[in-house]
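Visitor: I'm passing along upload.cif; it holds mmCIF, C-alpha atoms.
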```cif
data_query
loop_
_atom_site.group_PDB
_atom_site.id
_atom_site.type_symbol
_atom_site.label_atom_id
_atom_site.label_comp_id
_atom_site.auth_asym_id
_atom_site.auth_seq_id
_atom_site.Cartn_x
_atom_site.Cartn_y
_atom_site.Cartn_z
ATOM 1 C CA MET Q 8 -13.595 -14.686 39.498
ATOM 2 C CA SER Q 9 -16.337 -12.987 37.542
ATOM 3 C CA ALA Q 10 -13.860 -10.376 36.311
ATOM 4 C CA VAL Q 11 -11.548 -13.114 35.027
ATOM 5 C CA THR Q 12 -14.473 -14.867 33.357
ATOM 6 C CA ALA Q 13 -15.567 -11.630 31.735
ATOM 7 C CA LEU Q 14 -12.004 -10.979 30.518
ATOM 8 C CA VAL Q 15 -11.673 -14.465 29.065
ATOM 9 C CA SER Q 16 -15.087 -14.164 27.410
ATOM 10 C CA ASP Q 17 -14.161 -10.793 25.924
ATOM 11 C CA MET Q 18 -10.833 -12.067 24.572
ATOM 12 C CA THR Q 19 -12.543 -15.144 23.138
ATOM 13 C CA GLY Q 20 -15.135 -12.990 21.423
ATOM 14 C CA ARG Q 21 -12.483 -10.686 19.987
ATOM 15 C CA THR Q 22 -10.479 -13.665 18.736
ATOM 16 C CA LYS Q 23 -13.501 -15.180 17.020
ATOM 17 C CA LYS Q 24 -14.366 -11.815 15.491
ATOM 18 C CA GLY Q 25 -10.800 -11.403 14.247
ATOM 19 C CA VAL Q 26 -10.782 -14.847 12.647
ATOM 20 C CA THR Q 27 -14.154 -14.136 11.032
ATOM 21 C CA THR Q 28 -12.875 -10.810 9.684
ATOM 22 C CA LEU Q 29 -9.713 -12.415 8.325
ATOM 23 C CA GLY Q 30 -11.729 -15.140 6.624
ATOM 24 C CA GLY Q 31 -14.149 -12.608 5.168
ATOM 25 C CA MET Q 32 -11.284 -10.554 3.745
ATOM 26 C CA ALA Q 33 -9.711 -13.651 2.223
ATOM 27 C CA LEU Q 34 -12.995 -14.603 0.549
ATOM 28 C CA LEU Q 35 -13.501 -11.032 -0.692
ATOM 29 C CA SER Q 36 -9.992 -10.942 -2.149
ATOM 30 C CA VAL Q 37 -10.529 -14.202 -4.043
ATOM 31 C CA GLU Q 38 -13.936 -13.091 -5.290
ATOM 32 C CA SER Q 39 -12.523 -9.723 -6.366
ATOM 33 C CA VAL Q 40 -9.655 -11.266 -8.333
ATOM 34 C CA ILE Q 41 -12.058 -13.661 -10.039
ATOM 35 C CA ALA Q 42 -14.403 -10.753 -10.787
ATOM 36 C CA ILE Q 43 -11.615 -8.678 -12.361
ATOM 37 C CA ALA Q 44 -10.333 -11.542 -14.513
ATOM 38 C CA GLY Q 45 -13.803 -12.728 -15.475
ATOM 39 C CA ASP Q 46 -15.115 -9.274 -16.384
ATOM 40 C CA ILE Q 47 -12.047 -8.474 -18.483
ATOM 41 C CA VAL Q 48 -12.348 -11.763 -20.379
ATOM 42 C CA LYS Q 49 -16.088 -11.292 -20.878
ATOM 43 C CA ARG Q 50 -15.566 -7.601 -21.762
ATOM 44 C CA ASN Q 51 -17.876 -6.568 -18.941
ATOM 45 C CA PHE Q 52 -15.237 -4.772 -16.887
ATOM 46 C CA SER Q 53 -16.197 -1.206 -15.995
ATOM 47 C CA TRP Q 54 -13.261 0.628 -17.557
ATOM 48 C CA SER Q 55 -14.903 4.009 -17.057
ATOM 49 C CA GLU Q 56 -15.129 3.385 -13.316
ATOM 50 C CA PHE Q 57 -11.565 2.043 -13.336
ATOM 51 C CA PHE Q 58 -10.130 5.198 -14.931
ATOM 52 C CA PHE Q 59 -12.269 7.416 -12.714
ATOM 53 C CA GLN Q 60 -10.935 5.648 -9.612
ATOM 54 C CA CYS Q 61 -7.371 5.882 -10.918
ATOM 55 C CA TRP Q 62 -7.708 9.630 -11.355
ATOM 56 C CA PHE Q 63 -9.371 9.969 -7.959
ATOM 57 C CA MET Q 64 -6.592 8.009 -6.218
ATOM 58 C CA ILE Q 65 -3.881 9.995 -7.984
ATOM 59 C CA ARG Q 66 -5.506 13.267 -6.914
ATOM 60 C CA VAL Q 67 -5.802 12.020 -3.346
ATOM 61 C CA GLY Q 68 -2.416 10.310 -3.003
ATOM 62 C CA LEU Q 69 0.133 11.962 -5.322
ATOM 63 C CA ALA Q 70 0.765 15.199 -3.436
ATOM 64 C CA PRO Q 71 0.925 13.563 0.032
ATOM 65 C CA ALA Q 72 3.266 10.877 -1.330
ATOM 66 C CA ILE Q 73 5.731 13.439 -2.676
ATOM 67 C CA MET Q 74 5.456 15.582 0.457
ATOM 68 C CA VAL Q 75 6.313 12.553 2.606
ATOM 69 C CA ALA Q 76 9.021 11.232 0.248
ATOM 70 C CA ILE Q 77 11.085 14.444 0.289
ATOM 71 C CA PRO Q 78 11.435 14.719 4.107
ATOM 72 C CA PHE Q 79 12.030 10.970 4.234
ATOM 73 C CA GLY Q 80 14.914 11.327 1.781
ATOM 74 C CA ILE Q 81 16.324 14.213 3.804
ATOM 75 C CA ILE Q 82 16.162 12.329 7.102
ATOM 76 C CA VAL Q 83 17.793 9.210 5.663
ATOM 77 C CA SER Q 84 20.524 11.257 3.980
ATOM 78 C CA VAL Q 85 21.336 13.276 7.093
ATOM 79 C CA GLN Q 86 21.454 10.276 9.420
ATOM 80 C CA VAL Q 87 23.292 7.944 7.047
ATOM 81 C CA GLY Q 88 25.660 10.672 5.883
ATOM 82 C CA ALA Q 89 26.615 11.589 9.447
ATOM 83 C CA VAL Q 90 27.381 7.988 10.414
ATOM 84 C CA ALA Q 91 29.205 7.280 7.134
ATOM 85 C CA ASN Q 92 31.448 10.320 7.562
ATOM 86 C CA GLN Q 93 32.277 9.387 11.150
ATOM 87 C CA ILE Q 94 33.575 5.959 10.125
ATOM 88 C CA GLY Q 95 35.206 7.183 6.917
ATOM 89 C CA ALA Q 96 32.751 5.479 4.590
ATOM 90 C CA GLY Q 97 31.263 8.520 2.908
ATOM 91 C CA SER Q 98 31.638 6.903 -0.494
ATOM 92 C CA PHE Q 99 28.984 4.355 0.480
ATOM 93 C CA ALA Q 100 26.343 6.968 1.265
ATOM 94 C CA GLY Q 101 24.785 6.610 -2.172
ATOM 95 C CA ALA Q 102 24.482 2.850 -1.825
ATOM 96 C CA VAL Q 103 22.917 2.988 1.625
ATOM 97 C CA ASN Q 104 20.550 5.855 0.800
ATOM 98 C CA GLY Q 105 19.434 4.501 -2.559
ATOM 99 C CA ILE Q 106 19.004 0.883 -1.573
ATOM 100 C CA GLY Q 107 17.353 1.778 1.731
ATOM 101 C CA VAL Q 108 14.826 3.990 -0.007
ATOM 102 C CA LEU Q 109 14.243 1.537 -2.842
ATOM 103 C CA ARG Q 110 13.817 -1.579 -0.711
ATOM 104 C CA GLN Q 111 12.071 -0.129 2.329
ATOM 105 C CA GLY Q 112 11.313 3.583 2.211
ATOM 106 C CA ALA Q 113 9.372 3.887 -1.045
ATOM 107 C CA PRO Q 114 7.116 0.838 -0.493
ATOM 108 C CA LEU Q 115 6.397 1.867 3.108
ATOM 109 C CA VAL Q 116 5.528 5.446 2.174
ATOM 110 C CA THR Q 117 3.348 4.134 -0.638
ATOM 111 C CA SER Q 118 1.612 1.716 1.711
ATOM 112 C CA LEU Q 119 0.879 4.453 4.255
ATOM 113 C CA ILE Q 120 -0.541 6.743 1.580
ATOM 114 C CA ILE Q 121 -2.660 3.964 0.079
ATOM 115 C CA ALA Q 122 -3.902 2.835 3.501
ATOM 116 C CA GLY Q 123 -4.346 6.285 5.026
ATOM 117 C CA ALA Q 124 -5.493 8.563 2.212
ATOM 118 C CA VAL Q 125 -6.798 6.271 -0.528
ATOM 119 C CA GLY Q 126 -8.040 3.434 1.685
ATOM 120 C CA SER Q 127 -9.945 5.705 4.047
ATOM 121 C CA ALA Q 128 -11.634 7.437 1.108
ATOM 122 C CA ILE Q 129 -12.620 4.095 -0.413
ATOM 123 C CA CYS Q 130 -13.947 2.795 2.902
ATOM 124 C CA ALA Q 131 -15.984 5.959 3.452
ATOM 125 C CA ASP Q 132 -17.446 5.760 -0.054
ATOM 126 C CA VAL Q 133 -18.314 2.051 0.145
ATOM 127 C CA GLY Q 134 -19.613 2.463 3.708
ATOM 128 C CA ALA Q 135 -21.869 5.324 2.673
ATOM 129 C CA ARG Q 136 -23.231 3.209 -0.177
ATOM 130 C CA THR Q 137 -23.867 0.388 2.280
ATOM 131 C CA ILE Q 138 -25.817 2.417 4.846
ATOM 132 C CA ARG Q 139 -27.815 4.076 2.036
ATOM 133 C CA GLU Q 140 -28.726 0.546 0.949
ATOM 134 C CA GLU Q 141 -27.243 1.040 -2.516
ATOM 135 C CA VAL Q 142 -25.389 -2.251 -2.158
ATOM 136 C CA ASP Q 143 -28.634 -4.052 -1.300
ATOM 137 C CA ALA Q 144 -30.311 -2.380 -4.261
ATOM 138 C CA LEU Q 145 -27.610 -3.749 -6.579
ATOM 139 C CA LYS Q 146 -28.188 -7.238 -5.209
ATOM 140 C CA VAL Q 147 -31.942 -6.903 -5.755
ATOM 141 C CA MET Q 148 -31.304 -5.924 -9.376
ATOM 142 C CA GLY Q 149 -29.114 -8.999 -9.828
ATOM 143 C CA ILE Q 150 -25.841 -7.038 -9.965
ATOM 144 C CA ASN Q 151 -22.915 -8.358 -7.958
ATOM 145 C CA PRO Q 152 -21.535 -5.486 -5.814
ATOM 146 C CA VAL Q 153 -18.067 -6.997 -6.006
ATOM 147 C CA ASN Q 154 -18.048 -6.716 -9.805
ATOM 148 C CA ARG Q 155 -19.606 -3.273 -9.840
ATOM 149 C CA ILE Q 156 -17.942 -1.589 -6.842
ATOM 150 C CA ILE Q 157 -14.950 -3.532 -5.549
ATOM 151 C CA ALA Q 158 -13.267 -4.855 -8.703
ATOM 152 C CA PRO Q 159 -12.648 -1.472 -10.430
ATOM 153 C CA ARG Q 160 -11.332 0.046 -7.194
ATOM 154 C CA LEU Q 161 -9.007 -2.866 -6.527
ATOM 155 C CA ALA Q 162 -7.582 -2.815 -10.049
ATOM 156 C CA ALA Q 163 -7.154 0.964 -9.909
ATOM 157 C CA ALA Q 164 -5.459 0.848 -6.504
ATOM 158 C CA ILE Q 165 -2.916 -1.721 -7.700
ATOM 159 C CA VAL Q 166 -2.012 0.347 -10.768
ATOM 160 C CA VAL Q 167 -1.788 3.576 -8.765
ATOM 161 C CA ALA Q 168 0.281 1.916 -6.029
ATOM 162 C CA LEU Q 169 2.832 0.729 -8.605
ATOM 163 C CA MET Q 170 3.048 4.243 -10.055
ATOM 164 C CA LEU Q 171 3.252 5.977 -6.675
ATOM 165 C CA ASN Q 172 6.027 3.650 -5.567
ATOM 166 C CA VAL Q 173 8.215 4.698 -8.495
ATOM 167 C CA ILE Q 174 7.449 8.393 -7.942
ATOM 168 C CA VAL Q 175 8.223 8.167 -4.225
ATOM 169 C CA ALA Q 176 11.477 6.312 -4.893
ATOM 170 C CA VAL Q 177 12.607 8.868 -7.469
ATOM 171 C CA ALA Q 178 11.700 11.810 -5.220
ATOM 172 C CA ALA Q 179 13.434 10.381 -2.142
ATOM 173 C CA ILE Q 180 16.565 9.214 -3.969
ATOM 174 C CA THR Q 181 16.869 12.534 -5.832
ATOM 175 C CA THR Q 182 16.471 14.448 -2.565
ATOM 176 C CA GLY Q 183 19.209 12.360 -0.924
ATOM 177 C CA PHE Q 184 21.486 12.822 -3.926
ATOM 178 C CA LEU Q 185 21.091 16.602 -3.975
ATOM 179 C CA LEU Q 186 21.514 16.926 -0.222
ATOM 180 C CA ASN Q 187 24.714 14.848 -0.098
ATOM 181 C CA VAL Q 188 26.279 16.389 -3.177
ATOM 182 C CA GLN Q 189 25.358 19.998 -2.387
ATOM 183 C CA SER Q 190 26.617 19.683 1.185
ATOM 184 C CA GLY Q 191 30.027 18.625 -0.131
ATOM 185 C CA ASN Q 192 30.077 15.331 1.762
ATOM 186 C CA VAL Q 193 30.529 13.297 -1.404
ATOM 187 C CA SER Q 194 30.901 13.974 -5.116
ATOM 188 C CA SER Q 195 28.122 13.164 -7.527
ATOM 189 C CA GLY Q 196 30.222 10.524 -9.273
ATOM 190 C CA THR Q 197 31.098 8.764 -6.022
ATOM 191 C CA TYR Q 198 27.482 8.842 -4.869
ATOM 192 C CA LEU Q 199 26.174 7.333 -8.104
ATOM 193 C CA THR Q 200 28.995 4.789 -8.270
ATOM 194 C CA GLY Q 201 28.166 3.514 -4.803
ATOM 195 C CA PHE Q 202 24.494 3.203 -5.668
ATOM 196 C CA VAL Q 203 25.124 1.427 -8.977
ATOM 197 C CA ALA Q 204 27.661 -0.942 -7.388
ATOM 198 C CA PHE Q 205 25.274 -2.255 -4.752
ATOM 199 C CA ALA Q 206 21.843 -1.872 -6.339
ATOM 200 C CA GLN Q 207 20.333 -4.838 -8.150
ATOM 201 C CA PRO Q 208 17.415 -5.143 -10.585
ATOM 202 C CA THR Q 209 15.738 -7.376 -8.024
ATOM 203 C CA ASP Q 210 15.574 -4.401 -5.645
ATOM 204 C CA LEU Q 211 13.193 -2.625 -8.004
ATOM 205 C CA ILE Q 212 11.225 -5.840 -8.506
ATOM 206 C CA LEU Q 213 10.964 -6.220 -4.722
ATOM 207 C CA ALA Q 214 9.766 -2.631 -4.319
ATOM 208 C CA GLU Q 215 7.119 -3.001 -7.025
ATOM 209 C CA PHE Q 216 5.968 -6.351 -5.634
ATOM 210 C CA LYS Q 217 5.582 -4.766 -2.204
ATOM 211 C CA ALA Q 218 3.619 -1.868 -3.693
ATOM 212 C CA PHE Q 219 1.368 -4.307 -5.556
ATOM 213 C CA LEU Q 220 0.726 -6.359 -2.432
ATOM 214 C CA PHE Q 221 0.273 -3.329 -0.172
ATOM 215 C CA GLY Q 222 -2.245 -1.761 -2.545
ATOM 216 C CA PHE Q 223 -4.128 -5.038 -2.786
ATOM 217 C CA ILE Q 224 -4.304 -5.531 0.987
ATOM 218 C CA ALA Q 225 -5.260 -1.934 1.773
ATOM 219 C CA VAL Q 226 -8.159 -1.884 -0.689
ATOM 220 C CA ILE Q 227 -9.469 -5.305 0.359
ATOM 221 C CA VAL Q 228 -9.476 -4.228 4.007
ATOM 222 C CA SER Q 229 -11.126 -0.895 3.180
ATOM 223 C CA CYS Q 230 -13.810 -2.444 0.983
ATOM 224 C CA TYR Q 231 -14.561 -5.214 3.465
ATOM 225 C CA LYS Q 232 -14.996 -2.759 6.317
ATOM 226 C CA GLY Q 233 -17.070 -0.490 4.085
ATOM 227 C CA LEU Q 234 -19.396 -3.328 3.127
ATOM 228 C CA ALA Q 235 -19.736 -4.310 6.804
ATOM 229 C CA ALA Q 236 -20.515 -0.760 7.983
ATOM 230 C CA SER Q 237 -23.732 -0.249 9.916
ATOM 231 C CA GLY Q 238 -25.284 2.247 12.285
ATOM 232 C CA GLY Q 239 -25.382 5.381 10.175
ATOM 233 C CA ALA Q 240 -22.649 7.983 9.922
ATOM 234 C CA LYS Q 241 -20.975 6.843 13.141
ATOM 235 C CA GLY Q 242 -20.757 3.323 11.752
ATOM 236 C CA VAL Q 243 -19.012 4.597 8.642
ATOM 237 C CA ALA Q 244 -16.550 6.606 10.742
ATOM 238 C CA ASP Q 245 -15.805 3.548 12.872
ATOM 239 C CA ALA Q 246 -15.321 1.438 9.752
ATOM 240 C CA VAL Q 247 -12.842 3.960 8.311
ATOM 241 C CA ASN Q 248 -10.883 4.042 11.559
ATOM 242 C CA GLN Q 249 -10.775 0.250 11.761
ATOM 243 C CA SER Q 250 -9.736 -0.114 8.135
ATOM 244 C CA VAL Q 251 -6.781 2.261 8.531
ATOM 245 C CA VAL Q 252 -5.558 0.560 11.724
ATOM 246 C CA ILE Q 253 -5.906 -2.951 10.307
ATOM 247 C CA SER Q 254 -4.237 -1.943 7.039
ATOM 248 C CA VAL Q 255 -1.217 -0.341 8.713
ATOM 249 C CA VAL Q 256 -0.684 -3.320 11.039
ATOM 250 C CA ALA Q 257 -1.142 -5.849 8.228
ATOM 251 C CA LEU Q 258 1.201 -3.963 5.907
ATOM 252 C CA ALA Q 259 3.897 -3.754 8.591
ATOM 253 C CA VAL Q 260 3.730 -7.508 9.232
ATOM 254 C CA VAL Q 261 3.732 -8.349 5.525
ATOM 255 C CA ASN Q 262 6.659 -5.981 4.913
ATOM 256 C CA VAL Q 263 8.792 -7.700 7.553
ATOM 257 C CA ALA Q 264 7.962 -11.138 6.151
ATOM 258 C CA ILE Q 265 8.746 -10.156 2.547
ATOM 259 C CA THR Q 266 11.982 -8.406 3.506
ATOM 260 C CA GLN Q 267 13.224 -11.396 5.493
ATOM 261 C CA ALA Q 268 12.368 -13.769 2.660
ATOM 262 C CA TYR Q 269 14.136 -11.508 0.141
ATOM 263 C CA VAL Q 270 17.324 -11.299 2.206
ATOM 264 C CA MET Q 271 17.425 -15.078 2.663
ATOM 265 C CA LEU Q 272 16.530 -16.092 -0.899
ATOM 266 C CA VAL Q 273 18.208 -13.431 -3.081
ATOM 267 C CA PRO Q 274 22.029 -13.411 -3.032
ATOM 268 C CA GLN Q 275 23.405 -9.994 -2.100
ATOM 269 C CA SER Q 276 26.330 -9.050 -4.312
ATOM 270 C CA VAL Q 277 28.362 -6.051 -5.446
ATOM 271 C CA ALA Q 278 28.278 -5.243 -9.147
#
```
Render the structure in this file as structure tokens.

Guide:
Amino acid sequence: MSAVTALVSDMTGRTKKGVTTLGGMALLSVESVIAIAGDIVKRNFSWSEFFFQCWFMIRVGLAPAIMVAIPFGIIVSVQVGAVANQIGAGSFAGAVNGIGVLRQGAPLVTSLIIAGAVGSAICADVGARTIREEVDALKVMGINPVNRIIAPRLAAAIVVALMLNVIVAVAAITTGFLLNVQSGNVSSGTYLTGFVAFAQPTDLILAEFKAFLFGFIAVIVSCYKGLAASGGAKGVADAVNQSVVISVVALAVVNVAITQAYVMLVPQSVA
């Protein structure tokens, strides 16, 4: 009976902690958005920090994004091309490859790069500032850490996520195009015709909206865990690990929800 009681107590504690974390992230996201808008209007936004973070995130995330996008395009092309040829629908390979990459592949790769590479770096940086008491020092000086630390990183992450999403989509779609055309499975004209016939402008809007939302969520999670870090270097490492896990799970859930809503609300048609 004591084991059951201990299990129930542990699950209750974890549930309460999860709800507290979710509420804290929601409050941080609202405060960050208000800080960005308010600082820009008041001309107090730290543009130098914004551009520095943009360059840092591009250096950290661009190469991994391309290196993941190319194999992703190859895998999708090989699998889809094989099935399409078996059922005599090789002319639709371009539509399936392009739309699949644009709607799902590019945003997911972008989200993993933002959460894994960029988010972990942000969490480590913010966590290190927290345990060195730099955040407390800012508060003592009357400077809001959200305005000084979080807001520029959040704005930079959103911009970089939108850019990375386009780069990943172009790299993956180009890889699939070259692989299908060079292998002789389908002509270039047929491949492009299939893609153009089924692709819609809303597909690109969906992909960019996902990238925007994924970048926003990943940075909020990373910053929240960084600000809550404690216990020295081990605490920072634990915070980074937790931020990556929470970000990946949250992004997967959000992706499913957005995709289902898109399929139900946006009419699917052939041009």

Visitor: Identify which of the residues Q:Leu199, Q:Ile65, Q:Ala206, Q:Lys49 lies closest to Leu185 (chain Q), counting all atoms listed in the file when measuring atom-to-atom distances.

Guide: Q:Leu199

Visitor: Can you list, as a list in words, every protein, DNA or RNA residue that comes within 8 Å of Thr117 (chain Q) when you count all atoms listed in the file, leaving out same-chain residues fewer than 2 positions away?

Guide: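 Final neighbour list, sorted by chain and number: Ala72, Ala113, Pro114, Leu115, Leu119, Ile120, Ile121, Ala168, Leu171, Asn172, Val175 and Ala218 of chain Q.
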
Visitor: Now that the selection is made, can you save its residues with C-alpha atoms as a JSON list (two decimals), in the coordinates of the input?

Guide:
```
[["chain", "number", "residue", "atom", "x", "y", "z"],
["Q", 72, "ALA", "CA", 3.27, 10.88, -1.33],
["Q", 113, "ALA", "CA", 9.37, 3.89, -1.04],
["Q", 114, "PRO", "CA", 7.12, 0.84, -0.49],
["Q", 115, "LEU", "CA", 6.40, 1.87, 3.11],
["Q", 119, "LEU", "CA", 0.88, 4.45, 4.26],
["Q", 120, "ILE", "CA", -0.54, 6.74, 1.58],
["Q", 121, "ILE", "CA", -2.66, 3.96, 0.08],
["Q", 168, "ALA", "CA", 0.28, 1.92, -6.03],
["Q", 171, "LEU", "CA", 3.25, 5.98, -6.68],
["Q", 172, "ASN", "CA", 6.03, 3.65, -5.57],
["Q", 175, "VAL", "CA", 8.22, 8.17, -4.22],
["Q", 218, "ALA", "CA", 3.62, -1.87, -3.69]]
```

Visitor: Pick out the residues sitting within 12 Å of Ala42 (chain Q), and hand them over as a ChimeraX atom specification; count all atoms listed in the file, and ignore anything fewer than 3 positions along from it in its own chain.

Guide: /Q:35-39,45-53,151-162

Visitor: Restricting the calculation to only C-alpha atoms: of Q:Val83, Q:Val166, Q:Val256, Q:Ala13, which residue gets closest to Phe184 (chain Q)?

Guide: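 Checking each candidate against Phe184 (chain Q), we get Q:Val83 as the closest.
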
Visitor: Can you tell me how far CA of Gly183 (chain Q) sits from CA of Val167 (chain Q), in Å to one decimal?

Guide: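 Computed distance, CA of Gly183 (chain Q) to CA of Val167 (chain Q), equals 24.1 Å.
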
Visitor: Can you work out the spacing between CA of Leu34 (chain Q) and CA of Phe221 (chain Q) in Å, to one decimal?

Guide: 17.4 Å

Visitor: Which residues, written as an mmCIF file with C-alpha atoms, in the frame of the given file, have at least one atom at most 12 Å from Ile82 (chain Q), with all atoms listed in the file counted and residues fewer than 4 positions away on the same chain left out?

Guide:
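Ended up saving to part.cif:
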```
data_model
loop_
_atom_site.group_PDB
_atom_site.id
_atom_site.type_symbol
_atom_site.label_atom_id
_atom_site.label_comp_id
_atom_site.auth_asym_id
_atom_site.auth_seq_id
_atom_site.Cartn_x
_atom_site.Cartn_y
_atom_site.Cartn_z
ATOM 1 C CA VAL Q 75 6.313 12.553 2.606
ATOM 2 C CA ALA Q 76 9.021 11.232 0.248
ATOM 3 C CA ILE Q 77 11.085 14.444 0.289
ATOM 4 C CA PRO Q 78 11.435 14.719 4.107
ATOM 5 C CA GLN Q 86 21.454 10.276 9.420
ATOM 6 C CA VAL Q 87 23.292 7.944 7.047
ATOM 7 C CA GLY Q 88 25.660 10.672 5.883
ATOM 8 C CA ALA Q 89 26.615 11.589 9.447
ATOM 9 C CA ASN Q 104 20.550 5.855 0.800
ATOM 10 C CA GLY Q 107 17.353 1.778 1.731
ATOM 11 C CA VAL Q 108 14.826 3.990 -0.007
ATOM 12 C CA GLY Q 112 11.313 3.583 2.211
ATOM 13 C CA ALA Q 179 13.434 10.381 -2.142
ATOM 14 C CA ILE Q 180 16.565 9.214 -3.969
ATOM 15 C CA THR Q 182 16.471 14.448 -2.565
ATOM 16 C CA GLY Q 183 19.209 12.360 -0.924
ATOM 17 C CA LEU Q 186 21.514 16.926 -0.222
ATOM 18 C CA ASN Q 187 24.714 14.848 -0.098
#
```

Visitor: Could you state the separation of CA of Val116 (chain Q) and CA of Lys217 (chain Q) in Å, given to one decimal place?

Guide: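 CA of Val116 (chain Q) sits 11.1 Å away from CA of Lys217 (chain Q).
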
Visitor: For Ala163 (chain Q), which residue among Q:Ile43, Q:Ala176, Q:Ile73, Q:Val11 is the nearest when counting all atoms listed in the file?

Guide: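 The answer is Q:Ile43, which sits nearest to Ala163 (chain Q).
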
Visitor: Select, from Q:Gly30, Q:Gly80, Q:Gly123, Q:Gly239, the residue with the minimum atom-to-atom distance to Ile253 (chain Q), counting all atoms listed in the file.

Guide: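 Nearest candidate to Ile253 (chain Q) out of Q:Gly30, Q:Gly80, Q:Gly123, Q:Gly239: Q:Gly123.
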
Visitor: In terms of the shortest atom-to-atom distance over only C-alpha atoms, which of Q:Ile227, Q:Leu213, Q:Val125, Q:Ala246 is closest to Thr266 (chain Q)?

Guide: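 Looking at the shortest contact to Thr266 (chain Q), the residue is Q:Leu213.
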
Visitor: Which residue is closest to Ala214 (chain Q)? Choose from Q:Gln111, Q:Gln249, Q:Ser195, Q:Gln267 and count only C-alpha atoms.

Guide: Q:Gln111

Visitor: Hey, what comes out of the PyMOL selection byres ((chain Q and resi 126) around 12) on this file? Could you write it as a JSON list (two decimals) with C-alpha atoms, in the frame of the given file?

Guide:
```
[["chain", "number", "residue", "atom", "x", "y", "z"],
["Q", 60, "GLN", "CA", -10.94, 5.65, -9.61],
["Q", 63, "PHE", "CA", -9.37, 9.97, -7.96],
["Q", 64, "MET", "CA", -6.59, 8.01, -6.22],
["Q", 67, "VAL", "CA", -5.80, 12.02, -3.35],
["Q", 68, "GLY", "CA", -2.42, 10.31, -3.00],
["Q", 117, "THR", "CA", 3.35, 4.13, -0.64],
["Q", 118, "SER", "CA", 1.61, 1.72, 1.71],
["Q", 119, "LEU", "CA", 0.88, 4.45, 4.26],
["Q", 120, "ILE", "CA", -0.54, 6.74, 1.58],
["Q", 121, "ILE", "CA", -2.66, 3.96, 0.08],
["Q", 122, "ALA", "CA", -3.90, 2.84, 3.50],
["Q", 123, "GLY", "CA", -4.35, 6.28, 5.03],
["Q", 124, "ALA", "CA", -5.49, 8.56, 2.21],
["Q", 125, "VAL", "CA", -6.80, 6.27, -0.53],
["Q", 127, "SER", "CA", -9.94, 5.70, 4.05],
["Q", 128, "ALA", "CA", -11.63, 7.44, 1.11],
["Q", 129, "ILE", "CA", -12.62, 4.10, -0.41],
["Q", 130, "CYS", "CA", -13.95, 2.80, 2.90],
["Q", 131, "ALA", "CA", -15.98, 5.96, 3.45],
["Q", 132, "ASP", "CA", -17.45, 5.76, -0.05],
["Q", 133, "VAL", "CA", -18.31, 2.05, 0.14],
["Q", 134, "GLY", "CA", -19.61, 2.46, 3.71],
["Q", 160, "ARG", "CA", -11.33, 0.05, -7.19],
["Q", 161, "LEU", "CA", -9.01, -2.87, -6.53],
["Q", 163, "ALA", "CA", -7.15, 0.96, -9.91],
["Q", 164, "ALA", "CA", -5.46, 0.85, -6.50],
["Q", 165, "ILE", "CA", -2.92, -1.72, -7.70],
["Q", 168, "ALA", "CA", 0.28, 1.92, -6.03],
["Q", 221, "PHE", "CA", 0.27, -3.33, -0.17],
["Q", 222, "GLY", "CA", -2.24, -1.76, -2.54],
["Q", 223, "PHE", "CA", -4.13, -5.04, -2.79],
["Q", 224, "ILE", "CA", -4.30, -5.53, 0.99],
["Q", 225, "ALA", "CA", -5.26, -1.93, 1.77],
["Q", 226, "VAL", "CA", -8.16, -1.88, -0.69],
["Q", 227, "ILE", "CA", -9.47, -5.30, 0.36],
["Q", 228, "VAL", "CA", -9.48, -4.23, 4.01],
["Q", 229, "SER", "CA", -11.13, -0.90, 3.18],
["Q", 230, "CYS", "CA", -13.81, -2.44, 0.98],
["Q", 231, "TYR", "CA", -14.56, -5.21, 3.46],
["Q", 232, "LYS", "CA", -15.00, -2.76, 6.32],
["Q", 233, "GLY", "CA", -17.07, -0.49, 4.08],
["Q", 246, "ALA", "CA", -15.32, 1.44, 9.75],
["Q", 247, "VAL", "CA", -12.84, 3.96, 8.31],
["Q", 248, "ASN", "CA", -10.88, 4.04, 11.56],
["Q", 249, "GLN", "CA", -10.78, 0.25, 11.76],
["Q", 250, "SER", "CA", -9.74, -0.11, 8.14],
["Q", 251, "VAL", "CA", -6.78, 2.26, 8.53],
["Q", 252, "VAL", "CA", -5.56, 0.56, 11.72],
["Q", 253, "ILE", "CA", -5.91, -2.95, 10.31],
["Q", 254, "SER", "CA", -4.24, -1.94, 7.04],
["Q", 255, "VAL", "CA", -1.22, -0.34, 8.71]]
```

Visitor: The centre and edge lengths of an axis-aligned box containing all atoms of region 21-34 of chain Q present in the file, extended by 4 Å on each side, are to be given in Å to one decimal, as AutoDock Vina command-line options.

Guide:
```
--center_x -12.0 --center_y -12.9 --center_z 10.3 --size_x 12.7 --size_y 12.6 --size_z 27.4
```
